[in-house]
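Worksheet: the structure to be examined is printed underneath.
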Amino acid sequence: MTTPTQLADQLSTTTLLRFATAGSVDDGKSTLVGRLLHDSKSVLTDQLEAVEDASRKRGQEAPDLALLTDGLRAEREQGITIDVAYRYFATPRRRFILADTPGHVQYTRNMVTGASTAELTVILVDARHGVVEQTRRHAALTALLRVPHVVLAVNKMDLTGYAEPVFAAIAQEFTAYAAELGIPAVTAIPISALAGDNVVEPSANMDWYGGPTVLEHLETVPVSHDLTGCHARFPVQYVIRPQTAEHPDYRGYAGRIEAGAFRVGDAVTVLPSGRTSAVAGIDLLGRSVHTARAPQSVTLLLEDDIDISRGDLIVPSGDTPPTTQDVEATVCHVADQPLTVGQRVLIKHTTRTVKAIVKDIPSRLTLDDLSQHPAPGQLVANDIGRVVVRTAEPLALDPYAHSRTTGSFLLVDPADGTTLTAGMAGGSFVPGTADTPEPDDAGWDF
């Protein structure tokens with residue numbers, strides 16, 4: 001029997017995979033997740049007993065494993081997923097953070113939330129229905145969010161007699177569509193989440209399939225969390241000035257290294273001011289170190305006493321991102337109130353928040369056929385579109401294709417702090433349709 005200490009040692013040496021599930025309503029996402037948790041022995045006894053009891057009350061002989069993830073009362077009553085359900089589990093080979101996302105069109109914004117930090121997306125398809133509009137929508141969002149790995153899980157194969165031609169046709173159609181989106185590779189797996197075929201254990205009903213099970217692929221897909229080779233970026237969260245007798249002149253800049261590495265002696269530039277200096281010291285967990293790497297939280301000390309505050313970005317002097325006040329991006333609108341041209345907003349980028357105005361909404365994306373609807377005038381909840389935002393102060397954004405952290409931002413309602421829109425700087429898989437508009441001094445004084 002594995003002791004808690006042995007388990008802790010195992011987990012410390014395993015990698016972490018964040019992944020999300022997506023698909024249409026009733027494709028079996030929650031059942032797949034429940035089967036994955038159950039068959040990998042990741043369900044506590046009291047949890048399983050509660051599911052069995054709830055299933056009996058609903059007149060079901062076998063436990064409904066979807067109840068392991070559908071936690072909201074409305075979800076259980078309607079048999080659907082509404083909110084993103086996060087689950088944490090582990091096997092001896094890897095740790096997992098799973099986001100079970102909704103299938104309804106009106107909850108597309110929830111899928112964006114769940115997949116924004118994912119390294120892999122499992123897109124489910126009902127073998128009886130094949131690739132439908134919501135399948136294409138979720139594939140497009142996966143491409144927009146730059147999720148590195150995609151699994152196509154063709155579910156309910158038991159209802160098609162485990163027919164290989166059915167699986168092959170769906171896999172071919174989806175792979176062709178994914179190629180149009182720029183998704184580099186798709187791993188297609190035929191499964192039955194209800195019966196457990198090819199979820200954790202190989203299926204005896206599909207001997208024609210020689211690929212991995214879902215869990216086997218999740219355990220072996222290559223995932224790299226080494227961000228040291230990326231463009232070094234350090235958003236300042238807090239300026240430390242003790243001003244005590246022991247540290248009368250100490251001035252440190254605290255934050256988390258989002259990418260790359262910083263070393264004592266490195267020449268650095270502070271954005272958006274453009275002032276330059278060099279790293280004089282790095283404090284990590286109460287001790288001085290020579291080098292610090294992402295994603296460590298550290299305090300940087302610079303050789304020069306320059307004006308730096310929360311929201312500034314410290315970067316290597318030879319690798320500075322461009323600063324701009326005209327932010328062009330692909331966005332997903334997540335608020336119930338529409339986003340309109342001329343609307344005053346706050347833009348939150350890393351640790352920096354500045355005033356801004358929506359200058360233009362050049363197009364809205366139709367995800368089923370990837371066509372652009374020009375000049376929609378506004379974006380409503382769950383819409384994906386292109387926007388141009390004029391900021392009060394310069395921002396240093398990397399293209400989202402280069403960095404999912406320093407290339408992303410949020411638009412926030414300045415009145416009540418409601419998140420309006422999630423943005424991805426730079427181009428999407430569909431070229432933009434409008435040029436940056438000329439600055440307009442109307443409205444907020446920039």
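Here, A, B, ... name the chains of the structure tokens in the order displayed, residue numbers run from 1 inside each chain, and ligands are numbered from 1 in the same displayed order.
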Give the strand (DSSP E or B) residues of range 150-343 of chain A, as DSSP finds them on the backbone, and put them as a PyMOL selection string. chain A and resi 150-155+186-190+192+197+201+233-235+238-240+252-256+259+261-263+267-271+275-284+287-289+291-293+297-302+313-316+323-333+339-340
Could you save the residues just selected, with C-alpha atoms, as a short mmCIF file (atom, residue, chain, number, x, y, z; two decimals), in the first residue's frame?
```
data_model
loop_
_atom_site.label_atom_id
_atom_site.label_comp_id
_atom_site.auth_asym_id
_atom_site.auth_seq_id
_atom_site.Cartn_x
_atom_site.Cartn_y
_atom_site.Cartn_z
CA VAL A 150 -6.23 18.16 -29.60
CA VAL A 151 -7.95 14.81 -29.02
CA LEU A 152 -11.06 13.88 -31.00
CA ALA A 153 -13.05 11.44 -28.88
CA VAL A 154 -15.73 9.79 -31.02
CA ASN A 155 -18.16 8.75 -28.30
CA VAL A 186 -5.33 15.59 -34.05
CA THR A 187 -5.40 12.31 -32.14
CA ALA A 188 -8.70 10.51 -32.86
CA ILE A 189 -9.89 7.84 -30.40
CA PRO A 190 -13.13 5.78 -30.69
CA SER A 192 -17.86 4.55 -25.31
CA ASP A 197 -14.42 1.33 -24.05
CA GLU A 201 -8.85 0.18 -20.59
CA ARG A 233 9.03 38.86 -19.22
CA PHE A 234 8.62 40.16 -15.65
CA PRO A 235 5.45 42.14 -14.84
CA TYR A 238 4.67 45.35 -6.05
CA VAL A 239 7.48 47.73 -5.13
CA ILE A 240 9.19 46.76 -1.87
CA GLY A 252 12.99 45.75 -4.91
CA TYR A 253 10.44 44.91 -7.57
CA ALA A 254 8.36 41.84 -6.73
CA GLY A 255 6.46 39.68 -9.16
CA ARG A 256 6.39 36.39 -11.04
CA ALA A 259 8.63 33.55 -19.24
CA ALA A 261 15.11 33.78 -17.22
CA PHE A 262 16.84 36.73 -15.55
CA ARG A 263 20.43 36.77 -14.31
CA ALA A 267 20.79 44.59 -19.13
CA VAL A 268 17.06 45.25 -18.86
CA THR A 269 14.52 47.74 -20.12
CA VAL A 270 11.46 48.91 -18.20
CA LEU A 271 8.31 49.33 -20.27
CA ARG A 275 14.32 53.38 -19.20
CA THR A 276 17.28 50.98 -19.03
CA SER A 277 19.30 49.49 -16.20
CA ALA A 278 20.86 46.18 -15.16
CA VAL A 279 19.91 43.48 -12.68
CA ALA A 280 21.89 44.12 -9.49
CA GLY A 281 20.42 41.23 -7.49
CA ILE A 282 17.67 38.65 -7.32
CA ASP A 283 15.96 37.65 -4.06
CA LEU A 284 14.16 34.30 -3.98
CA ARG A 287 17.96 34.39 -0.18
CA SER A 288 20.00 35.89 -2.99
CA VAL A 289 20.38 33.91 -6.21
CA THR A 291 19.57 33.28 -11.82
CA ALA A 292 15.77 33.01 -11.68
CA ARG A 293 13.45 31.37 -14.20
CA SER A 297 8.15 34.55 -7.92
CA VAL A 298 11.12 36.76 -7.11
CA THR A 299 12.23 40.27 -6.26
CA LEU A 300 14.52 42.01 -8.75
CA LEU A 301 16.93 44.72 -7.67
CA LEU A 302 18.26 47.11 -10.32
CA LEU A 313 7.15 45.26 -17.50
CA ILE A 314 10.84 44.44 -17.08
CA VAL A 315 12.37 42.74 -20.14
CA PRO A 316 15.84 42.10 -21.57
CA THR A 323 4.53 49.22 -27.12
CA THR A 324 1.32 50.58 -28.56
CA GLN A 325 -1.82 52.52 -27.70
CA ASP A 326 -3.78 50.88 -30.53
CA VAL A 327 -4.39 47.28 -29.57
CA GLU A 328 -5.68 45.02 -32.36
CA ALA A 329 -6.95 41.67 -31.16
CA THR A 330 -9.31 38.76 -31.51
CA VAL A 331 -11.72 38.70 -28.59
CA CYS A 332 -14.45 36.57 -27.09
CA HIS A 333 -17.20 38.63 -25.53
CA LEU A 339 -19.57 45.54 -26.47
CA THR A 340 -20.07 48.56 -28.72
#
```
Just the residues within 12 Å of Val125 in chain A, please, counting only C-alpha atoms, with nothing from its chain fewer than 4 positions along; format it as a ChimeraX atom specification. /A:21-29,32,103,129-136,138-139,151-157,166-167,170-171,173-174,188-193
By how many Å are CA of Val223 in chain A and CA of Ala115 in chain A apart?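 Separation between CA of Val223 in chain A and CA of Ala115 in chain A: 15.5 Å.
Between CA of Thr220 in chain A and CA of Asn205 in chain A the interatomic distance comes to 23.6 Å.
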Can you pull out the residues contacting Ala90 in chain A? Cut-off 9 Å, using only C-alpha atoms, and skip same-chain residues under 2 positions away; I want them as number ranges by chain. A: 11, 16, 40, 42, 88, 92-97
Using CA of Gly385 in chain A and CA of Asp413 in chain A as the two end points, give the distance in Å to one decimal. 18.3 Å
